[in-house]
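Heads up, entry03.txt below (compact mmCIF, C-alpha atoms and all ligand atoms):
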# COMPACT_ATOMS: atom_id res chain seq x y z
CA MET A 87 0.00 0.00 0.00
CA LYS A 88 1.24 3.53 -0.84
CA VAL A 89 0.88 5.62 2.31
CA VAL A 90 1.85 9.14 3.35
CA ILE A 91 2.53 9.52 7.07
CA LYS A 92 2.68 13.01 8.56
CA ILE A 93 4.35 13.53 11.91
CA GLY A 94 3.79 16.69 13.90
CA THR A 95 6.28 18.61 16.01
CA SER A 96 4.50 17.65 19.24
CA THR A 97 5.04 13.98 18.40
CA LEU A 98 8.74 14.41 17.64
CA THR A 99 9.88 16.78 20.34
CA HIS A 100 9.39 17.38 24.02
CA ALA A 101 7.85 20.71 25.05
CA THR A 102 11.45 21.98 25.38
CA GLY A 103 11.99 21.59 21.64
CA GLN A 104 14.51 18.83 22.32
CA LEU A 105 14.09 15.58 20.45
CA ASN A 106 11.86 12.89 21.94
CA ILE A 107 14.35 10.10 21.40
CA ARG A 108 12.19 7.19 22.54
CA ARG A 109 9.35 8.31 20.26
CA ILE A 110 11.42 8.85 17.11
CA GLU A 111 13.30 5.57 17.60
CA LEU A 112 10.05 3.64 17.88
CA LEU A 113 8.54 5.42 14.91
CA VAL A 114 11.55 4.68 12.71
CA LYS A 115 11.52 1.03 13.80
CA VAL A 116 7.82 0.55 12.99
CA MET A 117 8.08 2.37 9.65
CA SER A 118 11.17 0.34 8.70
CA ASP A 119 9.28 -2.86 9.46
CA LEU A 120 6.30 -1.74 7.37
CA LYS A 121 8.67 -1.00 4.49
CA ASN A 122 10.19 -4.46 4.93
CA ALA A 123 6.65 -5.85 4.66
CA GLY A 124 6.41 -4.25 1.21
CA HIS A 125 4.58 -0.99 1.83
CA SER A 126 5.64 2.22 0.03
CA LEU A 127 5.93 4.95 2.61
CA VAL A 128 6.43 8.69 2.37
CA LEU A 129 7.06 10.73 5.49
CA VAL A 130 6.00 14.36 5.85
CA SER A 131 7.87 15.51 8.91
CA SER A 132 7.51 18.71 10.87
CA GLY A 133 9.93 19.59 13.59
CA ALA A 134 12.50 21.72 11.76
CA ILE A 135 11.62 24.93 13.59
CA GLY A 136 10.97 23.10 16.88
CA MET A 137 14.32 21.35 16.80
CA GLY A 138 16.10 24.51 15.73
CA VAL A 139 14.59 26.26 18.74
CA GLY A 140 15.97 23.48 20.93
CA LYS A 141 19.40 23.41 19.32
CA LEU A 142 19.81 27.20 19.43
CA SER A 143 18.42 27.30 22.99
CA LEU A 144 15.89 29.98 21.99
CA GLY A 145 13.44 28.88 24.70
CA ALA A 146 10.25 29.52 22.70
CA ARG A 147 9.05 29.52 19.12
CA PRO A 148 10.26 32.80 17.54
CA SER A 149 7.62 35.15 16.19
CA ASP A 150 9.75 37.03 13.66
CA MET A 151 10.35 35.55 10.22
CA PRO A 152 14.19 35.67 10.03
CA THR A 153 14.62 33.88 13.38
CA LYS A 154 11.96 31.31 12.43
CA GLN A 155 13.73 30.69 9.15
CA ALA A 156 17.14 30.51 10.84
CA ALA A 157 15.76 28.01 13.37
CA ALA A 158 14.32 25.94 10.50
CA ALA A 159 17.69 25.89 8.72
CA VAL A 160 19.40 24.59 11.85
CA GLY A 161 16.61 22.18 12.80
CA GLN A 162 15.99 20.68 9.34
CA CYS A 163 19.62 19.64 9.16
CA GLU A 164 19.49 18.04 12.59
CA LEU A 165 16.18 16.33 11.77
CA MET A 166 17.52 14.71 8.60
CA TYR A 167 20.74 13.72 10.33
CA ILE A 168 18.71 11.80 12.92
CA TYR A 169 16.35 10.18 10.39
CA ASP A 170 19.28 9.16 8.22
CA LYS A 171 21.13 7.67 11.19
CA LEU A 172 18.12 5.77 12.58
CA PHE A 173 16.74 4.47 9.25
CA SER A 174 20.26 3.39 8.23
CA ASP A 175 20.27 1.04 11.23
CA TYR A 176 17.47 -0.85 9.45
CA HIS A 177 19.13 -0.49 6.01
CA HIS A 178 16.66 2.00 4.63
CA VAL A 179 17.73 4.95 2.49
CA VAL A 180 16.12 8.32 3.13
CA ALA A 181 15.74 11.24 0.69
CA GLN A 182 15.03 14.86 1.59
CA ILE A 183 12.53 16.99 -0.33
CA LEU A 184 11.77 20.57 0.68
CA LEU A 185 8.79 22.26 -0.97
CA THR A 186 6.94 25.56 -0.92
CA GLY A 187 3.33 26.13 -1.96
CA ASP A 188 4.53 27.89 -5.12
CA ASP A 189 6.48 24.80 -6.26
CA LEU A 190 3.27 22.81 -6.39
CA LYS A 191 1.23 25.48 -8.15
CA ASP A 192 3.69 25.67 -11.03
CA ASP A 193 2.91 22.88 -13.52
CA SER A 194 6.44 22.01 -14.54
CA ARG A 195 7.83 22.11 -11.00
CA ARG A 196 4.94 19.97 -9.81
CA ARG A 197 5.61 17.46 -12.60
CA ASN A 198 9.28 17.34 -11.63
CA PHE A 199 8.25 16.67 -8.04
CA GLU A 200 5.89 13.87 -9.09
CA ASN A 201 8.51 12.27 -11.37
CA THR A 202 11.19 12.44 -8.70
CA MET A 203 8.85 10.98 -6.11
CA SER A 204 7.88 8.07 -8.28
CA ARG A 205 11.54 7.35 -9.07
CA LEU A 206 12.48 7.59 -5.37
CA LEU A 207 9.76 5.07 -4.52
CA GLU A 208 10.83 2.75 -7.35
CA LEU A 209 14.35 2.90 -5.94
CA GLY A 210 12.95 1.75 -2.59
CA THR A 211 13.88 4.91 -0.70
CA LEU A 212 11.90 6.68 1.97
CA PRO A 213 11.23 10.26 0.86
CA ILE A 214 11.02 12.69 3.80
CA ILE A 215 9.25 15.92 2.95
CA ASN A 216 8.94 19.24 4.75
CA GLU A 217 8.07 22.78 3.77
CA ASN A 218 11.16 24.71 2.69
CA ASP A 219 10.79 26.95 5.72
CA THR A 220 14.00 28.89 5.16
CA ILE A 221 12.57 30.55 2.07
CA ALA A 222 8.79 30.12 2.42
CA THR A 223 7.32 33.40 3.53
CA GLU A 224 3.58 33.61 4.09
CA GLU A 225 2.70 34.49 0.49
CA ILE A 226 4.31 31.40 -0.98
CA ALA A 227 4.04 28.91 1.86
CA VAL A 228 1.78 25.87 2.06
CA GLY A 229 1.56 26.99 5.68
CA ASP A 230 1.09 23.79 7.64
CA ASN A 231 2.15 20.21 7.23
CA ASP A 232 -1.35 18.71 7.51
CA ARG A 233 -2.11 20.48 4.25
CA LEU A 234 1.31 19.60 2.82
CA GLY A 235 0.63 15.94 3.69
CA ALA A 236 -2.69 16.06 1.80
CA ILE A 237 -1.11 17.79 -1.21
CA VAL A 238 1.62 15.14 -1.35
CA ALA A 239 -0.87 12.27 -0.94
CA CYS A 240 -2.95 13.61 -3.85
CA ALA A 241 0.08 14.34 -6.05
CA ILE A 242 1.57 10.85 -5.74
CA GLY A 243 -1.76 8.98 -5.80
CA ALA A 244 -1.40 7.54 -2.28
CA GLU A 245 -4.12 5.23 -0.97
CA LEU A 246 -3.98 6.60 2.55
CA LEU A 247 -2.81 9.66 4.47
CA ILE A 248 -2.08 9.19 8.19
CA LEU A 249 -1.75 12.30 10.36
CA LEU A 250 0.06 11.40 13.58
CA SER A 251 -0.92 13.93 16.20
CA ASP A 252 -0.92 14.38 19.97
CA ILE A 253 -4.61 13.46 20.13
CA ASP A 254 -6.41 10.14 19.42
CA GLY A 255 -8.59 11.61 16.68
CA LEU A 256 -11.65 13.84 16.23
CA TYR A 257 -13.90 14.04 19.29
CA THR A 258 -17.52 15.10 19.74
CA ALA A 259 -16.22 17.78 22.16
CA ASP A 260 -12.85 18.89 23.57
CA PRO A 261 -11.66 15.83 25.56
CA HIS A 262 -9.35 18.02 27.67
CA THR A 263 -12.30 19.89 29.15
CA ASP A 264 -15.41 17.77 28.53
CA PRO A 265 -15.49 14.30 30.12
CA SER A 266 -18.43 13.25 27.94
CA ALA A 267 -16.37 13.76 24.75
CA ARG A 268 -16.45 10.68 22.50
CA LEU A 269 -13.99 9.71 19.77
CA ILE A 270 -15.56 9.64 16.29
CA SER A 271 -14.10 6.61 14.53
CA ARG A 272 -15.46 7.18 11.02
CA VAL A 273 -16.39 10.30 9.06
CA GLU A 274 -18.22 9.60 5.81
CA ALA A 275 -18.58 13.28 4.83
CA ILE A 276 -17.17 16.53 6.18
CA THR A 277 -20.44 18.23 6.99
CA PRO A 278 -20.81 21.65 8.68
CA GLU A 279 -21.53 19.70 11.92
CA ILE A 280 -18.16 17.95 11.65
CA GLN A 281 -16.43 21.25 10.85
CA ALA A 282 -17.97 22.82 13.93
CA LEU A 283 -16.09 20.24 16.04
CA ALA A 284 -12.68 21.59 15.03
CA GLY A 285 -11.62 23.76 17.95
CA GLY A 286 -8.63 26.09 18.10
CA LYS A 287 -4.99 25.54 17.19
CA GLY A 288 -2.60 23.11 18.81
CA SER A 289 -0.34 24.73 21.36
CA GLY A 290 3.38 25.14 22.05
CA LEU A 291 5.78 24.60 19.18
CA ALA A 292 3.22 23.00 16.85
CA VAL A 293 1.56 24.78 13.92
CA GLY A 294 -1.58 22.77 13.14
CA GLY A 295 -4.72 21.85 15.06
CA MET A 296 -7.99 20.12 14.23
CA GLY A 297 -8.89 22.90 11.76
CA THR A 298 -5.90 22.24 9.50
CA LYS A 299 -6.56 18.49 9.76
CA LEU A 300 -10.14 18.86 8.55
CA LYS A 301 -8.94 21.01 5.64
CA ALA A 302 -6.50 18.23 4.75
CA ALA A 303 -9.37 15.72 4.98
CA GLN A 304 -11.46 17.79 2.57
CA MET A 305 -8.66 17.60 0.04
CA THR A 306 -8.10 13.83 0.38
CA GLU A 307 -11.86 13.18 0.43
CA ALA A 308 -12.24 14.89 -2.94
CA HIS A 309 -9.37 12.81 -4.37
CA GLY A 310 -10.82 9.50 -3.14
CA ILE A 311 -8.07 9.00 -0.56
CA ASP A 312 -8.82 7.92 3.01
CA MET A 313 -7.24 9.95 5.82
CA ILE A 314 -6.70 8.85 9.41
CA ILE A 315 -5.92 10.98 12.44
CA ALA A 316 -4.16 8.84 15.05
CA ASN A 317 -2.11 9.36 18.18
CA GLY A 318 1.59 9.66 17.38
CA GLN A 319 2.48 8.92 20.99
CA LYS A 320 1.85 5.26 20.12
CA PRO A 321 3.73 4.57 16.87
CA GLU A 322 2.77 0.85 17.03
CA LEU A 323 -0.72 1.97 16.01
CA LEU A 324 0.70 2.13 12.47
CA TYR A 325 0.73 -1.71 12.48
CA ASP A 326 -2.96 -1.79 13.43
CA ILE A 327 -3.81 0.76 10.74
CA MET A 328 -2.03 -1.27 8.06
CA ASP A 329 -3.83 -4.40 9.32
CA GLY A 330 -7.11 -2.60 8.63
CA LYS A 331 -8.11 -2.24 12.28
CA ASP A 332 -10.11 0.75 13.52
CA VAL A 333 -7.67 3.33 14.86
CA GLY A 334 -8.32 7.01 15.57
CA THR A 335 -10.65 8.79 13.16
CA ARG A 336 -10.90 7.65 9.54
CA PHE A 337 -12.20 10.13 6.95
CA ILE A 338 -13.51 8.21 3.98
CA GLY A 339 -12.41 9.38 0.52
CA LYS A 340 -15.16 9.78 -2.11
CA ARG A 341 -14.93 6.96 -4.64
N1 LIG A 401 7.46 23.09 8.52
C1 LIG A 401 7.35 23.31 9.93
C2 LIG A 401 8.55 22.74 10.70
O1 LIG A 401 9.19 21.84 10.21
C3 LIG A 401 6.12 22.67 10.53
C4 LIG A 401 4.82 23.03 9.97
C5 LIG A 401 3.71 22.22 10.59
O2 LIG A 401 3.97 21.44 11.51
O3 LIG A 401 2.57 22.33 10.19
O4 LIG A 401 8.82 23.18 11.78
Rewrite the structure from the file as structure tokens, please.
Ligand code: GLU
Amino acid sequence: MKVVIKIGTSTLTHATGQLNIRRIELLVKVMSDLKNAGHSLVLVSSGAIGMGVGKLSLGARPSDMPTKQAAAAVGQCELMYIYDKLFSDYHHVVAQILLTGDDLKDDSRRRNFENTMSRLLELGTLPIINENDTIATEEIAVGDNDRLGAIVACAIGAELLILLSDIDGLYTADPHTDPSARLISRVEAITPEIQALAGGKGSGLAVGGMGTKLKAAQMTEAHGIDMIIANGQKPELLYDIMDGKDVGTRFIGKR
């Protein structure tokens, strides 16, 4: 199965911005095993800015563009160094692709991206994609990696997009404040009622929230691709997802 997996900053790093070593090691192990089982995987990884904040000891996510972009330049390098090191332990080859929104709007650049991706997958590599944060200012940026994950899934004709987050999925109410909140396991259509369930943004170093995830789901739904929101704190859930078990919230693509 061809699957795009998106990992958020809150899954990869502690609140300090330092790497969550146990988490990333487990994630790499599970993904390596799924590749060994024959699946084609693409990783959309956040964490460049978060890790840059940690490495530069900035303390908090910067609000000005040059510092954000400097942090991304430092953090992206560190992120790929770690992925390369960990995936190499399982004999998998990683490839880095950095995109901006503009790249994907331009027909010939988009075609180049699609051709390169299909060749990378034929070669058995694991493409790791992030926004090119060092040059993406607001006007040209995709903006968040939930959306980037959906764009990539549509562009490469993936069968499934998995968004690994710090929450189990979409709830009927905010589970942090409402004890009666219930996890919704299946969404057949993104109705206004479903949209009303998307609260505010995620906090801390992360960019997305439920709102960006529902926007991503609208995109995959229209392209006939299923999307799952699952808890990235438990990377073994990826095994259950690939075994077809019910995990998190599944948004059904229109077929
Ligand atoms: N590209 C950003 C980073 O690597 C993350 C964007 C997002 O998580 O939505 O820090």
I'd like a table as a tab-separated table: residues in chain A with an atom no more than 9 Å from ligand LIG 401 (chain A), each row giving the shortest atom pair and its distance in Å to one decimal, all atoms listed in the file counted, sorted by chain and rising residue number.
residue	atom	partner	partner_atom	distance
A:Ile93	CA	A:LIG401	O2	7.9
A:Gly94	CA	A:LIG401	O2	5.3
A:Thr95	CA	A:LIG401	O2	5.8
A:Ser96	CA	A:LIG401	O2	8.6
A:Ser131	CA	A:LIG401	O1	6.6
A:Ser132	CA	A:LIG401	O1	3.6
A:Gly133	CA	A:LIG401	O1	4.1
A:Ala134	CA	A:LIG401	O1	3.7
A:Ile135	CA	A:LIG401	O4	3.8
A:Gly136	CA	A:LIG401	O4	5.5
A:Met137	CA	A:LIG401	O4	7.7
A:Gly138	CA	A:LIG401	O4	8.4
A:Lys154	CA	A:LIG401	O4	8.7
A:Ala157	CA	A:LIG401	O4	8.6
A:Ala158	CA	A:LIG401	O4	6.3
A:Gly161	CA	A:LIG401	O1	7.9
A:Gln162	CA	A:LIG401	O1	7.0
A:Asn216	CA	A:LIG401	N1	5.6
A:Glu217	CA	A:LIG401	N1	4.8
A:Asn218	CA	A:LIG401	N1	7.1
A:Asp219	CA	A:LIG401	N1	5.8
A:Val228	CA	A:LIG401	O3	8.9
A:Gly229	CA	A:LIG401	O3	6.6
A:Asp230	CA	A:LIG401	O3	3.3
A:Asn231	CA	A:LIG401	O3	3.7
A:Asp232	CA	A:LIG401	O3	6.0
A:Arg233	CA	A:LIG401	O3	7.8
A:Leu234	CA	A:LIG401	O3	8.0
A:Leu291	CA	A:LIG401	O4	8.1
A:Ala292	CA	A:LIG401	O2	5.6
A:Val293	CA	A:LIG401	O3	4.6
A:Gly294	CA	A:LIG401	O3	5.1
A:Gly295	CA	A:LIG401	O3	8.8
A:Thr298	CA	A:LIG401	O3	8.5
Suppose we keep C-alpha atoms; can you now write the selection as a short mmCIF file (atom, residue, chain, number, x, y, z; two decimals), keeping the file's coordinate frame?
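Contents of out-v8.cif, freshly written:
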data_model
loop_
_atom_site.label_atom_id
_atom_site.label_comp_id
_atom_site.auth_asym_id
_atom_site.auth_seq_id
_atom_site.Cartn_x
_atom_site.Cartn_y
_atom_site.Cartn_z
CA ILE A 93 4.35 13.53 11.91
CA GLY A 94 3.79 16.69 13.90
CA THR A 95 6.28 18.61 16.01
CA SER A 96 4.50 17.65 19.24
CA SER A 131 7.87 15.51 8.91
CA SER A 132 7.51 18.71 10.87
CA GLY A 133 9.93 19.59 13.59
CA ALA A 134 12.50 21.72 11.76
CA ILE A 135 11.62 24.93 13.59
CA GLY A 136 10.97 23.10 16.88
CA MET A 137 14.32 21.35 16.80
CA GLY A 138 16.10 24.51 15.73
CA LYS A 154 11.96 31.31 12.43
CA ALA A 157 15.76 28.01 13.37
CA ALA A 158 14.32 25.94 10.50
CA GLY A 161 16.61 22.18 12.80
CA GLN A 162 15.99 20.68 9.34
CA ASN A 216 8.94 19.24 4.75
CA GLU A 217 8.07 22.78 3.77
CA ASN A 218 11.16 24.71 2.69
CA ASP A 219 10.79 26.95 5.72
CA VAL A 228 1.78 25.87 2.06
CA GLY A 229 1.56 26.99 5.68
CA ASP A 230 1.09 23.79 7.64
CA ASN A 231 2.15 20.21 7.23
CA ASP A 232 -1.35 18.71 7.51
CA ARG A 233 -2.11 20.48 4.25
CA LEU A 234 1.31 19.60 2.82
CA LEU A 291 5.78 24.60 19.18
CA ALA A 292 3.22 23.00 16.85
CA VAL A 293 1.56 24.78 13.92
CA GLY A 294 -1.58 22.77 13.14
CA GLY A 295 -4.72 21.85 15.06
CA THR A 298 -5.90 22.24 9.50
#
How many Å lie between CA of Ile214 (chain A) and CA of Asp326 (chain A), rounded to one decimal? 22.3 Å
I want to know what sits within 10 Å of Ile110 (chain A), based on only C-alpha atoms, with residues of the same chain fewer than 5 positions away left out; could you give that as a VMD selection string? chain A and resid 93 97 to 99 105 115 to 116 168 to 169 172 318 to 319 321
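Between Leu165 (chain A) and the residues A:Pro152, A:Gly339, A:Gly235, A:Gly103, the shortest atom-to-atom distance, using only C-alpha atoms, involves A:Gly103.
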Distance query Gly145 (chain A) at most 10 Å, only C-alpha atoms, self and fewer than 4 positions along chain excluded, as a PDB file with C-alpha atoms, in the coordinates of the input:
ATOM      1  CA  ALA A 101       7.850  20.710  25.050  1.00  0.00           C
ATOM      2  CA  THR A 102      11.450  21.980  25.380  1.00  0.00           C
ATOM      3  CA  GLY A 103      11.990  21.590  21.640  1.00  0.00           C
ATOM      4  CA  VAL A 139      14.590  26.260  18.740  1.00  0.00           C
ATOM      5  CA  GLY A 140      15.970  23.480  20.930  1.00  0.00           C
ATOM      6  CA  LYS A 141      19.400  23.410  19.320  1.00  0.00           C
TER       7      LYS A 141
END
CA of Gly297 (chain A) sits from CA of Met313 (chain A) at a separation of 14.3 Å
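The environment of Ala181 (chain A) within 9 Å, counting only C-alpha atoms and disregarding residues fewer than 2 places along the same chain, consists of Met166, Asp170, Val179, Ile183, Leu206, Thr211, Leu212, Pro213, Ile214 and Ile215 of chain A.
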To one decimal place in Å, what is the distance between CA of Cys240 (chain A) and CA of Ala303 (chain A)? 11.1 Å
Hey, could you pull the box centre and edge lengths for region 96-105 of chain A, axis-aligned, 5 Å padding per side, all listed atoms, to one decimal in Å, as AutoDock Vina command-line options?
--center_x 9.5 --center_y 18.0 --center_z 21.5 --size_x 20.0 --size_y 18.0 --size_z 17.7
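Minimum atom-to-atom distance to Asp150 (chain A), evaluated using only C-alpha atoms, belongs to A:Thr223 out of A:Leu120, A:Asp192, A:Asn106, A:Thr223.
Considering the residues A:Met203, A:Leu144, A:Ala308, A:Ser271 and counting all atoms listed in the file, Lys331 (chain A) has its shortest atom-to-atom contact with A:Ser271.
Ranking A:Ser266, A:Thr186, A:Thr335, A:Thr220 by their shortest atom-to-atom distance to Ile253 (chain A), with all atoms listed in the file included, puts A:Thr335 first.
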Just the residues within 12 Å of region 279-284 of chain A, please, counting all atoms listed in the file, with nothing from its chain fewer than 4 positions along; format it as a list of chain:residue names. A:Gly255, A:Leu256, A:Tyr257, A:Thr258, A:Ala259, A:Asp260, A:Pro261, A:Ala267, A:Arg268, A:Leu269, A:Ile270, A:Arg272, A:Val273, A:Glu274, A:Ala275, A:Gly288, A:Gly294, A:Gly295, A:Met296, A:Gly297, A:Thr298, A:Lys299, A:Leu300, A:Lys301, A:Ala303, A:Gln304, A:Thr335, A:Phe337
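The neighbours of Met117 (chain A) here are the residues that come within 9 Å of it, using all atoms listed in the file and leaving out any residue fewer than 4 positions away in the same chain; they are Leu112, Leu113, Lys121, Asn122, Leu127, Phe173, Pro321, Leu324 and Tyr325 of chain A.
Using all atoms listed in the file, the shortest contact distance between Leu184 (chain A) and any of A:Ala146, A:Ala316, A:Ile91, A:Ala159 is found at A:Ala159.
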Restricting to only C-alpha atoms, whichever of A:Glu208, A:Asp264, A:Glu200, A:Glu245 is closest to Met328 (chain A) is A:Glu245
